[in-house]
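Chemist: This is the content of query-v9.cif (mmCIF, C-alpha atoms and all ligand atoms):
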```cif
data_input
#
loop_
_atom_site.label_atom_id
_atom_site.label_comp_id
_atom_site.auth_asym_id
_atom_site.auth_seq_id
_atom_site.Cartn_x
_atom_site.Cartn_y
_atom_site.Cartn_z
CA MET A 1 -31.13 19.58 -4.80
CA ASP A 2 -29.98 16.08 -5.77
CA ARG A 3 -26.94 17.04 -7.82
CA VAL A 4 -24.56 19.96 -8.26
CA ARG A 5 -24.50 21.53 -11.72
CA PHE A 6 -21.10 23.01 -12.49
CA CYS A 7 -19.56 25.47 -14.89
CA LEU A 8 -15.81 24.99 -15.43
CA VAL A 9 -14.01 28.28 -16.07
CA GLY A 10 -10.55 27.60 -17.50
CA THR A 11 -10.09 24.44 -19.56
CA GLY A 12 -6.29 24.21 -19.46
CA ARG A 13 -4.08 21.70 -17.65
CA ALA A 14 -5.69 21.65 -14.22
CA GLY A 15 -9.16 22.46 -15.56
CA MET A 16 -9.21 19.19 -17.44
CA VAL A 17 -8.36 17.21 -14.29
CA HIS A 18 -11.47 18.62 -12.62
CA GLY A 19 -13.54 18.39 -15.80
CA ILE A 20 -12.80 14.69 -16.22
CA ASN A 21 -13.52 13.97 -12.56
CA ILE A 22 -16.88 15.76 -12.73
CA THR A 23 -18.02 14.18 -15.99
CA SER A 24 -16.88 10.62 -15.41
CA ARG A 25 -16.09 9.91 -11.77
CA ILE A 26 -18.35 11.84 -9.42
CA LYS A 27 -21.93 10.98 -8.61
CA ASN A 28 -24.37 13.81 -7.99
CA ALA A 29 -22.39 16.21 -10.17
CA GLU A 30 -22.90 17.42 -13.71
CA LEU A 31 -20.76 19.62 -15.93
CA VAL A 32 -23.27 21.88 -17.61
CA ALA A 33 -21.02 24.48 -19.24
CA LEU A 34 -17.43 25.38 -20.05
CA ALA A 35 -15.92 28.86 -20.30
CA ASP A 36 -12.51 29.77 -21.67
CA ILE A 37 -11.22 32.79 -23.59
CA ASN A 38 -9.20 30.42 -25.79
CA LYS A 39 -11.51 29.04 -28.48
CA VAL A 40 -9.15 26.18 -29.35
CA SER A 41 -8.94 24.99 -25.76
CA LEU A 42 -12.72 25.39 -25.44
CA LYS A 43 -13.38 23.22 -28.47
CA GLU A 44 -10.84 20.53 -27.59
CA SER A 45 -11.93 20.27 -23.98
CA GLY A 46 -15.62 20.42 -24.87
CA ASP A 47 -15.19 17.57 -27.33
CA ILE A 48 -13.24 15.44 -24.82
CA LEU A 49 -15.64 16.14 -21.95
CA GLY A 50 -18.78 15.93 -24.07
CA VAL A 51 -20.03 19.33 -22.93
CA ILE A 52 -22.01 21.18 -25.57
CA ASP A 53 -22.52 24.57 -23.90
CA ARG A 54 -19.29 26.54 -24.34
CA TYR A 55 -18.64 30.22 -23.67
CA THR A 56 -15.73 32.55 -24.35
CA ASP A 57 -17.16 34.96 -21.75
CA TYR A 58 -17.40 33.40 -18.30
CA LYS A 59 -19.98 36.01 -17.25
CA GLU A 60 -22.42 34.80 -19.87
CA ALA A 61 -22.00 31.24 -18.62
CA LEU A 62 -22.36 32.12 -14.95
CA ASN A 63 -25.53 34.15 -15.58
CA ARG A 64 -27.36 30.93 -16.33
CA ASN A 65 -29.85 29.98 -13.64
CA ASP A 66 -29.20 26.26 -14.03
CA ILE A 67 -25.63 26.52 -12.74
CA ASP A 68 -25.11 25.97 -9.01
CA ALA A 69 -21.34 26.12 -8.76
CA VAL A 70 -18.22 27.18 -10.60
CA ILE A 71 -14.74 25.66 -10.71
CA ILE A 72 -12.24 28.46 -11.35
CA VAL A 73 -9.08 27.13 -12.98
CA THR A 74 -7.76 30.20 -14.75
CA PRO A 75 -4.46 32.08 -14.28
CA THR A 76 -3.99 33.48 -10.79
CA PHE A 77 -4.39 37.15 -11.78
CA THR A 78 -7.98 36.46 -12.90
CA HIS A 79 -9.13 34.62 -9.76
CA ALA A 80 -10.40 37.56 -7.71
CA GLU A 81 -12.52 39.03 -10.49
CA ILE A 82 -14.13 35.72 -11.47
CA ALA A 83 -14.66 34.51 -7.88
CA CYS A 84 -16.27 37.80 -6.78
CA TYR A 85 -18.53 37.79 -9.86
CA ALA A 86 -19.59 34.19 -9.17
CA ALA A 87 -20.28 34.91 -5.49
CA GLN A 88 -22.48 37.90 -6.37
CA LEU A 89 -24.58 35.58 -8.54
CA GLY A 90 -24.95 33.14 -5.64
CA LYS A 91 -22.76 30.42 -7.19
CA HIS A 92 -20.75 28.13 -4.93
CA ILE A 93 -17.05 28.17 -5.77
CA VAL A 94 -14.13 25.78 -6.11
CA LEU A 95 -11.12 28.04 -6.56
CA GLU A 96 -7.73 26.72 -7.59
CA LYS A 97 -4.66 27.77 -5.66
CA PRO A 98 -3.09 30.30 -5.41
CA MET A 99 -6.26 32.02 -4.19
CA ALA A 100 -5.27 35.36 -5.75
CA ILE A 101 -2.32 37.68 -6.30
CA SER A 102 -2.55 39.69 -3.06
CA VAL A 103 -3.94 39.44 0.45
CA ASP A 104 -6.32 42.32 -0.42
CA GLU A 105 -7.72 40.34 -3.35
CA CYS A 106 -8.19 37.31 -1.04
CA ALA A 107 -10.01 39.52 1.46
CA ALA A 108 -12.32 40.78 -1.32
CA ILE A 109 -13.15 37.19 -2.32
CA ASN A 110 -13.82 36.20 1.30
CA ALA A 111 -16.06 39.25 1.81
CA ALA A 112 -18.07 38.46 -1.36
CA VAL A 113 -18.42 34.81 -0.30
CA LYS A 114 -19.65 35.81 3.15
CA LYS A 115 -22.01 38.52 1.92
CA ASN A 116 -23.66 36.23 -0.61
CA ASP A 117 -23.63 33.16 1.65
CA VAL A 118 -21.99 30.82 -0.87
CA LYS A 119 -19.52 28.02 -0.27
CA LEU A 120 -15.86 28.39 -1.18
CA GLN A 121 -13.29 25.60 -1.34
CA LEU A 122 -9.62 26.16 -2.18
CA GLY A 123 -7.72 23.67 -4.36
CA PHE A 124 -5.27 22.39 -1.76
CA MET A 125 -5.76 18.76 -2.73
CA ARG A 126 -2.86 17.49 -0.61
CA ARG A 127 -5.23 17.72 2.34
CA PHE A 128 -7.20 14.90 0.72
CA ASP A 129 -4.20 12.64 0.04
CA PRO A 130 -4.17 9.48 2.21
CA ALA A 131 -0.48 9.85 3.24
CA PHE A 132 -0.91 13.51 4.20
CA ILE A 133 -4.08 12.67 6.16
CA GLN A 134 -2.24 9.86 7.99
CA GLY A 135 0.60 12.23 8.84
CA LYS A 136 -1.81 14.79 10.22
CA GLU A 137 -3.63 12.14 12.28
CA LYS A 138 -0.35 10.99 13.83
CA ILE A 139 0.57 14.56 14.77
CA ILE A 140 -2.76 15.42 16.34
CA SER A 141 -2.92 12.12 18.24
CA GLY A 142 -0.01 13.48 20.31
CA GLU A 143 1.96 10.21 20.16
CA MET A 144 4.84 11.87 18.29
CA GLY A 145 5.15 14.80 20.68
CA ARG A 146 5.71 18.33 19.41
CA VAL A 147 6.73 18.97 15.83
CA MET A 148 10.22 20.49 15.93
CA ILE A 149 11.22 20.78 12.26
CA ILE A 150 9.18 20.27 9.12
CA ARG A 151 10.77 20.11 5.68
CA SER A 152 8.67 20.26 2.55
CA THR A 153 10.01 19.70 -0.94
CA GLY A 154 7.89 20.68 -3.94
CA ARG A 155 9.31 20.21 -7.42
CA GLY A 156 7.47 20.44 -10.71
CA PRO A 157 8.56 18.43 -13.76
CA GLY A 158 8.43 21.11 -16.47
CA LEU A 159 7.85 24.83 -16.68
CA PRO A 160 4.25 25.83 -16.00
CA PRO A 161 2.38 27.90 -18.66
CA PRO A 162 3.98 31.18 -19.82
CA TRP A 163 1.64 33.45 -17.78
CA THR A 164 3.43 32.14 -14.66
CA TYR A 165 6.80 33.58 -15.76
CA ASP A 166 5.69 37.09 -14.87
CA LEU A 167 5.70 37.43 -11.08
CA SER A 168 3.15 40.25 -11.20
CA GLN A 169 0.67 37.81 -12.80
CA SER A 170 1.46 34.74 -10.73
CA ASN A 171 3.80 35.48 -7.77
CA GLY A 172 6.19 33.02 -9.39
CA MET A 173 7.21 29.47 -8.55
CA LEU A 174 6.70 29.83 -4.80
CA ALA A 175 3.02 30.52 -5.53
CA GLU A 176 2.51 28.24 -8.50
CA VAL A 177 4.30 25.17 -7.15
CA ASN A 178 5.04 25.71 -3.46
CA SER A 179 1.67 27.12 -2.34
CA HIS A 180 0.91 23.49 -1.61
CA ASP A 181 3.96 23.15 0.66
CA PHE A 182 3.10 26.33 2.56
CA ASP A 183 -0.49 25.24 3.02
CA SER A 184 0.30 21.72 4.09
CA ILE A 185 2.88 22.83 6.68
CA ARG A 186 0.36 25.23 8.24
CA TRP A 187 -2.35 22.55 8.14
CA LEU A 188 -0.16 19.75 9.53
CA VAL A 189 1.24 21.84 12.37
CA GLU A 190 -1.95 23.84 13.03
CA SER A 191 -0.12 27.11 13.42
CA ASP A 192 0.29 30.27 11.36
CA TYR A 193 3.54 31.61 9.98
CA GLU A 194 5.51 34.07 12.08
CA GLU A 195 8.59 34.75 9.96
CA VAL A 196 10.08 33.74 6.61
CA TYR A 197 13.47 34.16 5.00
CA ALA A 198 13.92 33.17 1.37
CA GLN A 199 16.70 32.83 -1.16
CA ALA A 200 16.11 32.18 -4.85
CA ALA A 201 18.20 31.40 -7.91
CA ASN A 202 17.72 30.87 -11.59
CA PHE A 203 19.77 27.91 -12.81
CA LYS A 204 18.00 26.35 -15.76
CA CYS A 205 15.98 29.19 -17.28
CA GLN A 206 18.46 31.95 -17.99
CA ASN A 207 16.65 32.83 -21.21
CA LEU A 208 13.50 33.83 -19.30
CA ARG A 209 15.40 36.53 -17.40
CA LYS A 210 15.58 38.58 -20.62
CA ASN A 211 11.87 39.36 -20.42
CA TYR A 212 11.20 38.57 -16.75
CA SER A 213 14.00 40.05 -14.68
CA ASP A 214 12.80 38.61 -11.35
CA PHE A 215 12.12 35.06 -12.61
CA TYR A 216 13.57 32.25 -10.47
CA ASP A 217 13.44 28.48 -10.88
CA ASN A 218 14.81 27.39 -7.49
CA ALA A 219 14.11 28.67 -3.99
CA VAL A 220 14.68 27.76 -0.37
CA VAL A 221 12.51 29.33 2.31
CA VAL A 222 13.23 29.08 6.03
CA VAL A 223 10.09 29.47 8.12
CA ARG A 224 9.17 29.83 11.78
CA LEU A 225 5.61 29.21 12.85
CA LYS A 226 3.85 30.96 15.72
CA ASN A 227 3.92 27.78 17.83
CA GLY A 228 7.73 27.68 17.53
CA THR A 229 8.02 24.98 14.84
CA LEU A 230 10.88 25.54 12.40
CA GLY A 231 10.74 24.54 8.77
CA THR A 232 11.99 24.78 5.24
CA VAL A 233 10.24 24.80 1.90
CA ASP A 234 12.39 24.10 -1.12
CA GLY A 235 11.07 24.48 -4.62
CA THR A 236 12.40 23.67 -8.06
CA CYS A 237 10.68 24.00 -11.39
CA PRO A 238 11.52 22.62 -13.87
CA ALA A 239 13.03 19.65 -12.06
CA GLY A 240 13.00 17.56 -15.21
CA TYR A 241 12.91 14.12 -13.61
CA GLY A 242 9.28 14.25 -12.51
CA TYR A 243 6.91 15.61 -9.89
CA ASP A 244 8.36 15.38 -6.42
CA ALA A 245 6.34 16.14 -3.29
CA ARG A 246 7.88 14.96 -0.03
CA VAL A 247 7.54 16.11 3.55
CA GLU A 248 9.60 15.12 6.58
CA ILE A 249 8.27 15.97 10.02
CA LEU A 250 10.74 15.70 12.87
CA CYS A 251 8.93 15.35 16.18
CA GLU A 252 10.06 14.98 19.79
CA ASN A 253 9.29 11.23 19.66
CA GLY A 254 10.28 10.31 16.13
CA VAL A 255 10.00 11.24 12.51
CA ILE A 256 7.21 11.06 9.92
CA GLN A 257 7.79 10.92 6.17
CA ILE A 258 5.05 11.73 3.69
CA GLY A 259 5.42 11.10 -0.01
CA ASN A 260 7.72 9.05 -2.11
CA LEU A 261 9.92 9.88 -5.05
CA LYS A 262 9.08 6.53 -6.62
CA GLU A 263 5.79 5.97 -8.38
CA SER A 264 5.57 2.34 -7.35
CA GLY A 265 7.35 -0.05 -5.04
CA PHE A 266 9.39 -1.30 -7.99
CA MET A 267 13.13 -0.75 -8.14
CA GLN A 268 15.79 -2.67 -10.06
CA VAL A 269 19.37 -2.59 -8.83
CA LYS A 270 21.90 -3.92 -11.34
CA GLY A 271 25.19 -5.68 -10.63
CA ASP A 272 27.11 -2.44 -11.00
CA GLY A 273 24.96 -0.86 -8.30
CA THR A 274 22.88 1.33 -10.62
CA ALA A 275 19.21 1.46 -9.68
CA LEU A 276 16.19 1.76 -11.92
CA GLY A 277 12.74 2.83 -10.75
CA SER A 278 10.20 5.32 -12.02
CA ALA A 279 9.38 8.70 -10.56
CA PHE A 280 5.93 10.30 -10.70
CA ARG A 281 5.88 12.15 -14.00
CA SER A 282 3.14 14.64 -13.12
CA TRP A 283 1.13 16.15 -10.29
CA ARG A 284 -1.90 14.62 -12.03
CA ASP A 285 -0.56 11.12 -11.27
CA ARG A 286 0.82 11.77 -7.79
CA PHE A 287 -2.40 13.35 -6.51
CA GLU A 288 -4.96 11.65 -8.76
CA LYS A 289 -7.00 10.32 -5.83
CA ALA A 290 -6.72 13.59 -3.94
CA TYR A 291 -8.12 15.66 -6.84
CA LEU A 292 -11.09 13.33 -6.96
CA ALA A 293 -11.57 13.32 -3.18
CA GLU A 294 -11.46 17.12 -2.93
CA MET A 295 -14.19 17.49 -5.56
CA GLU A 296 -16.33 14.79 -3.94
CA HIS A 297 -15.92 16.66 -0.66
CA PHE A 298 -17.12 19.91 -2.25
CA VAL A 299 -20.14 18.24 -3.86
CA ARG A 300 -21.10 16.77 -0.46
CA ALA A 301 -20.67 20.18 1.18
CA VAL A 302 -23.05 21.80 -1.29
CA LEU A 303 -25.64 19.02 -1.11
CA ASN A 304 -25.49 18.74 2.69
CA ASP A 305 -25.11 22.47 3.27
CA SER A 306 -21.90 21.97 5.24
CA GLN A 307 -18.68 24.03 5.29
CA PRO A 308 -15.92 22.82 2.93
CA ALA A 309 -12.76 21.82 4.82
CA VAL A 310 -10.35 24.06 2.89
CA THR A 311 -11.47 27.65 3.33
CA GLY A 312 -10.84 31.14 2.01
CA GLU A 313 -8.90 31.83 5.20
CA ASP A 314 -6.56 28.94 4.26
CA GLY A 315 -6.16 30.38 0.76
CA MET A 316 -5.40 33.83 2.13
CA LYS A 317 -2.78 32.55 4.59
CA ALA A 318 -0.94 30.75 1.78
CA VAL A 319 -0.92 33.90 -0.36
CA GLU A 320 0.30 35.93 2.61
CA VAL A 321 3.35 33.70 3.17
CA VAL A 322 4.19 33.54 -0.55
CA VAL A 323 4.06 37.35 -0.83
CA ALA A 324 6.30 37.62 2.26
CA ALA A 325 8.78 35.08 0.84
CA ASN A 326 8.97 36.98 -2.46
CA LYS A 327 9.58 40.18 -0.50
CA SER A 328 12.36 38.42 1.38
CA ILE A 329 13.94 37.35 -1.94
CA ARG A 330 13.79 40.97 -3.18
CA THR A 331 15.11 42.60 -0.01
CA GLY A 332 17.44 39.91 1.30
CA GLN A 333 15.79 40.31 4.71
CA PRO A 334 13.66 38.02 6.90
CA ILE A 335 10.02 39.12 6.83
CA LYS A 336 7.70 38.97 9.85
CA LEU A 337 4.05 38.12 9.25
CA VAL A 338 1.37 39.88 11.25
N1 LIG B 1 -3.98 22.10 -7.55
C1 LIG B 1 -2.99 21.83 -8.40
O1 LIG B 1 -2.23 20.90 -8.19
C2 LIG B 1 -2.82 22.66 -9.64
C3 LIG B 1 -2.06 22.17 -10.70
C4 LIG B 1 -1.91 22.97 -11.83
C5 LIG B 1 -2.48 24.24 -11.88
N2 LIG B 1 -3.19 24.68 -10.80
C6 LIG B 1 -3.80 26.03 -10.80
O2 LIG B 1 -4.85 26.08 -11.77
C7 LIG B 1 -4.91 27.38 -12.35
C8 LIG B 1 -4.74 27.25 -13.85
O3 LIG B 1 -3.48 26.68 -14.11
P1 LIG B 1 -3.22 25.80 -15.43
O4 LIG B 1 -1.89 25.23 -15.27
O5 LIG B 1 -4.37 24.90 -15.68
O6 LIG B 1 -3.16 26.96 -16.51
P2 LIG B 1 -3.42 26.85 -18.07
O7 LIG B 1 -2.74 28.05 -18.65
O8 LIG B 1 -3.08 25.50 -18.57
O9 LIG B 1 -5.00 27.01 -18.20
C9 LIG B 1 -5.65 28.20 -17.90
C10 LIG B 1 -6.85 28.34 -18.84
O10 LIG B 1 -7.59 29.49 -18.44
C11 LIG B 1 -8.00 30.19 -19.62
N3 LIG B 1 -8.28 31.58 -19.26
C12 LIG B 1 -7.41 32.59 -19.05
N4 LIG B 1 -8.09 33.71 -18.68
C13 LIG B 1 -9.41 33.40 -18.68
C14 LIG B 1 -10.58 34.13 -18.41
N5 LIG B 1 -10.55 35.41 -18.06
N6 LIG B 1 -11.78 33.50 -18.55
C15 LIG B 1 -11.82 32.19 -18.92
N7 LIG B 1 -10.74 31.45 -19.19
C16 LIG B 1 -9.54 32.05 -19.07
C17 LIG B 1 -6.83 30.01 -20.58
O11 LIG B 1 -7.22 30.25 -21.91
C18 LIG B 1 -6.43 28.56 -20.30
O12 LIG B 1 -7.13 27.64 -21.14
C19 LIG B 1 -3.80 28.19 -11.67
O13 LIG B 1 -4.35 28.87 -10.57
C20 LIG B 1 -2.82 27.12 -11.20
O14 LIG B 1 -2.03 27.52 -10.09
C21 LIG B 1 -3.38 23.92 -9.71
#
```
Represent the structure contained in this file as structure tokens.
Ligand SMILES: NC(=O)c1ccc[n+]([C@@H]2O[C@H](COP(=O)([O-])OP(=O)(O)OC[C@H]3O[C@@H](n4cnc5c(N)ncnc54)[C@H](O)[C@@H]3O)[C@@H](O)[C@H]2O)c1

Modeler:
Amino acid sequence: MDRVRFCLVGTGRAGMVHGINITSRIKNAELVALADINKVSLKESGDILGVIDRYTDYKEALNRNDIDAVIIVTPTFTHAEIACYAAQLGKHIVLEKPMAISVDECAAINAAVKKNDVKLQLGFMRRFDPAFIQGKEKIISGEMGRVMIIRSTGRGPGLPPPWTYDLSQSNGMLAEVNSHDFDSIRWLVESDYEEVYAQAANFKCQNLRKNYSDFYDNAVVVVRLKNGTLGTVDGTCPAGYGYDARVEILCENGVIQIGNLKESGFMQVKGDGTALGSAFRSWRDRFEKAYLAEMEHFVRAVLNDSQPAVTGEDGMKAVEVVVAANKSIRTGQPIKLV
């Protein structure tokens, strides 16, 4: 095989990021088909990406023999069904986070992937971001000593699509936005979660509570990892001012900061002391290079028959901690993870 032929299932916001990378920026990859239940999105994305073969039924698309791999970028509640179907057909899989709605669904995906010997990569693109990689390298080099406290802030600019409002379909903001924070803490510290305690509030979206009684737009989660590291994840969506992903890692021998509120090094401070700079407006901008790098990594893994770096186990662990944090919000109690 000299190139990987993809089908993109889900041509919405994140689907287009991957679609554009495959069609215009990645060697040895080809976007052969698109699938989306929304005919308007299918047409618009197909026209932009220049992909002629378009399907409203992903099964019809995946049954083609000339497709090697699928990128699943649909709402979370559809992930398990589509991923298991793709695995049974022997297709390699890029699966967007959150991996699925429940740990059981994640286990079903992992079992199907193993049984059919296909590759699975989860969409935790922060692991491919240069600043996150540098932070991880500094931690594992040992020069900073043990990680004592890790704080991860994840804020989205605007509300995500309406299917995310219903926690039964999405697991809410902690899954949709802060899955990344939970995954990167576990990855940076190389330890699993032991206990979480979460508080949530709904400040800016009171109107959504009419139809979605458990909706929240802000949350703070206190975590303890099995190696003793303490941490917090705080999430806000919509933040309004932009996309904000910052991590501070307090170690025995110093502190590491990853991420910057400002898009560039530019800042103007006027005579009255007011400052002007520009924040990242979107996750697409902040992690542009990382989205590309993660897909290049997957293409290499398929062509070289190697294991992708971000696994189904990683996806399952992130779902597990999100489910526990939501349970903590509901019960008001700290939740231990097994
Ligand atoms: N890694 C990241 O930074 C990142 C960023 C945004 C979204 N995401 C993830 O990507 C996924 C999609 O999110 P989005 O914001 O792009 O959503 P979206 O609503 O913009 O797009 C989802 C698309 O999937 C289509 N769809 C729904 N059910 C389908 C089905 N059964 N078969 C085929 N198509 C179907 C919809 O019509 C829509 O076009 C989610 O898992 C989300 O968490 C990841």

Chemist: Within 8 Å of ligand LIG 1 (chain B), counting all atoms listed in the file, which protein or nucleic acid residues do you find, written as a PyMOL selection string?

Modeler: chain A and resi 9-16+35-39+41-42+56-58+72-76+78-79+82+95-99+123-125+160-163+175-177+180+283-284+287+291

Chemist: Go through A:Ala112, A:Ala279, A:Ile329, A:Ile256 and flag the residue nearest Glu137 of chain A, using only C-alpha atoms for the distances.

Modeler: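 Nearest candidate to Glu137 of chain A out of A:Ala112, A:Ala279, A:Ile329, A:Ile256: A:Ile256.
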
Chemist: Distance atom CA of Asn253 of chain A-atom CA of Pro130 of chain A, one decimal place?

Modeler: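 Rounded to one decimal, the two atoms are 22.1 Å apart.
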
Chemist: Report as a ChimeraX atom specification all protein, DNA and RNA residues lying within 7 Å of Gln199 of chain A, evaluated on all atoms listed in the file, omitting residues in the same chain fewer than 4 positions from it.

Modeler: /A:219-221,329

Chemist: Up to 12 Å from (4.1, 25.2, 6.0) in the file's coordinates: name the residues, counting only C-alpha atoms, as a CSV table (one decimal) with C-alpha atoms, in the coordinates of the input.

Modeler:
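Below is the file selection.csv, written as the result:
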```
chain,number,residue,atom,x,y,z
A,147,VAL,CA,6.7,19.0,15.8
A,149,ILE,CA,11.2,20.8,12.3
A,150,ILE,CA,9.2,20.3,9.1
A,151,ARG,CA,10.8,20.1,5.7
A,152,SER,CA,8.7,20.3,2.6
A,153,THR,CA,10.0,19.7,-0.9
A,154,GLY,CA,7.9,20.7,-3.9
A,178,ASN,CA,5.0,25.7,-3.5
A,179,SER,CA,1.7,27.1,-2.3
A,180,HIS,CA,0.9,23.5,-1.6
A,181,ASP,CA,4.0,23.2,0.7
A,182,PHE,CA,3.1,26.3,2.6
A,183,ASP,CA,-0.5,25.2,3.0
A,184,SER,CA,0.3,21.7,4.1
A,185,ILE,CA,2.9,22.8,6.7
A,186,ARG,CA,0.4,25.2,8.2
A,187,TRP,CA,-2.4,22.6,8.1
A,188,LEU,CA,-0.2,19.8,9.5
A,189,VAL,CA,1.2,21.8,12.4
A,190,GLU,CA,-2.0,23.8,13.0
A,191,SER,CA,-0.1,27.1,13.4
A,192,ASP,CA,0.3,30.3,11.4
A,193,TYR,CA,3.5,31.6,10.0
A,194,GLU,CA,5.5,34.1,12.1
A,195,GLU,CA,8.6,34.8,10.0
A,196,VAL,CA,10.1,33.7,6.6
A,221,VAL,CA,12.5,29.3,2.3
A,222,VAL,CA,13.2,29.1,6.0
A,223,VAL,CA,10.1,29.5,8.1
A,224,ARG,CA,9.2,29.8,11.8
A,225,LEU,CA,5.6,29.2,12.8
A,226,LYS,CA,3.8,31.0,15.7
A,229,THR,CA,8.0,25.0,14.8
A,230,LEU,CA,10.9,25.5,12.4
A,231,GLY,CA,10.7,24.5,8.8
A,232,THR,CA,12.0,24.8,5.2
A,233,VAL,CA,10.2,24.8,1.9
A,234,ASP,CA,12.4,24.1,-1.1
A,247,VAL,CA,7.5,16.1,3.6
A,248,GLU,CA,9.6,15.1,6.6
A,249,ILE,CA,8.3,16.0,10.0
A,314,ASP,CA,-6.6,28.9,4.3
A,317,LYS,CA,-2.8,32.6,4.6
A,318,ALA,CA,-0.9,30.8,1.8
A,319,VAL,CA,-0.9,33.9,-0.4
A,320,GLU,CA,0.3,35.9,2.6
A,321,VAL,CA,3.4,33.7,3.2
A,322,VAL,CA,4.2,33.5,-0.6
```

Chemist: Which distance in Å separates atom CA of Tyr165 of chain A and atom CA of Leu62 of chain A, to one decimal?

Modeler: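 Interatomic distance, atom CA of Tyr165 of chain A to atom CA of Leu62 of chain A: 29.2 Å.
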
Chemist: Using Å and a single decimal, report how far atom CA of Leu292 of chain A sits from atom CA of Lys115 of chain A.

Modeler: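 Between atom CA of Lys115 of chain A and atom CA of Leu292 of chain A the gap is 28.9 Å.
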
Chemist: Do you know which residues lie at most 12 Å from (-28.0, 33.6, -14.4), with coordinates as in the file and all atoms listed in the file counted, and could you write them as a list in words?

Modeler: Cys7, Tyr58, Lys59, Glu60, Ala61, Leu62, Asn63, Arg64, Asn65, Asp66, Ile67, Asp68, Ala69, Tyr85, Ala86, Ala87, Gln88, Leu89, Gly90 and Lys91 of chain A

Chemist: Write out as a list in words the residues lying within 10 Å of His92 of chain A, counting all atoms listed in the file and excluding same-chain residues fewer than 5 positions away.

Modeler: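 Near neighbours after the sequence-gap exclusion: Val4, Phe6, Ile67, Asp68, Ala69, Val70, Ile71, Ala83, Ala86, Ala87, Val113, Asn116, Asp117, Val118, Lys119, Leu120, Gln121, Phe298, Val299 and Val302 of chain A.
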
Chemist: Could you please take those selected residues and save C-alpha atoms as a short mmCIF file (atom, residue, chain, number, x, y, z; two decimals), keeping the file's coordinate frame?

Modeler:
```cif
data_model
loop_
_atom_site.label_atom_id
_atom_site.label_comp_id
_atom_site.auth_asym_id
_atom_site.auth_seq_id
_atom_site.Cartn_x
_atom_site.Cartn_y
_atom_site.Cartn_z
CA VAL A 4 -24.56 19.96 -8.26
CA PHE A 6 -21.10 23.01 -12.49
CA ILE A 67 -25.63 26.52 -12.74
CA ASP A 68 -25.11 25.97 -9.01
CA ALA A 69 -21.34 26.12 -8.76
CA VAL A 70 -18.22 27.18 -10.60
CA ILE A 71 -14.74 25.66 -10.71
CA ALA A 83 -14.66 34.51 -7.88
CA ALA A 86 -19.59 34.19 -9.17
CA ALA A 87 -20.28 34.91 -5.49
CA VAL A 113 -18.42 34.81 -0.30
CA ASN A 116 -23.66 36.23 -0.61
CA ASP A 117 -23.63 33.16 1.65
CA VAL A 118 -21.99 30.82 -0.87
CA LYS A 119 -19.52 28.02 -0.27
CA LEU A 120 -15.86 28.39 -1.18
CA GLN A 121 -13.29 25.60 -1.34
CA PHE A 298 -17.12 19.91 -2.25
CA VAL A 299 -20.14 18.24 -3.86
CA VAL A 302 -23.05 21.80 -1.29
#
```

Chemist: Between A:Leu8, A:Ala239, A:Ala275, A:Leu122, single out the one closest to Glu294 of chain A, counting only C-alpha atoms.

Modeler: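 The shortest atom-to-atom distance to Glu294 of chain A comes from A:Leu122.
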
Chemist: Looking at only C-alpha atoms, which of A:Leu49, A:Lys43, A:Val310, A:Lys327 is the one that sits closest to Asn21 of chain A?

Modeler: A:Leu49

Chemist: Mind checking which residues fall within 7 Å of Glu252 of chain A, counting only C-alpha atoms, ignoring those fewer than 3 positions away in the same chain, and posting them as a list in words?

Modeler: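 Close residues of Glu252 of chain A: Met144, Gly145, Arg146, Val147 and Met148 of chain A.
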
Chemist: Which of these, A:Ala325, A:Gln134, A:Arg5, A:Ala33, has the shortest distance to Gly259 of chain A once you count all atoms listed in the file?

Modeler: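 Under the stated criterion, the closest residue is A:Gln134.
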
Chemist: Extract, using all atoms listed in the file, all DNA, RNA and protein residues at most 8 Å from segment 104-107 of chain A, discarding same-chain residues fewer than 2 positions from it, and format them as a PyMOL selection string.

Modeler: chain A and resi 80+99-102+109-111+312+315-316

Chemist: Would you mind telling me which residue in A:Phe215, A:Asn304, A:Tyr241, A:Ser282 lies nearest to Asp166 of chain A when using only C-alpha atoms?

Modeler: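 Of A:Phe215, A:Asn304, A:Tyr241, A:Ser282, the one nearest Asp166 of chain A, counting only C-alpha atoms, is A:Phe215.
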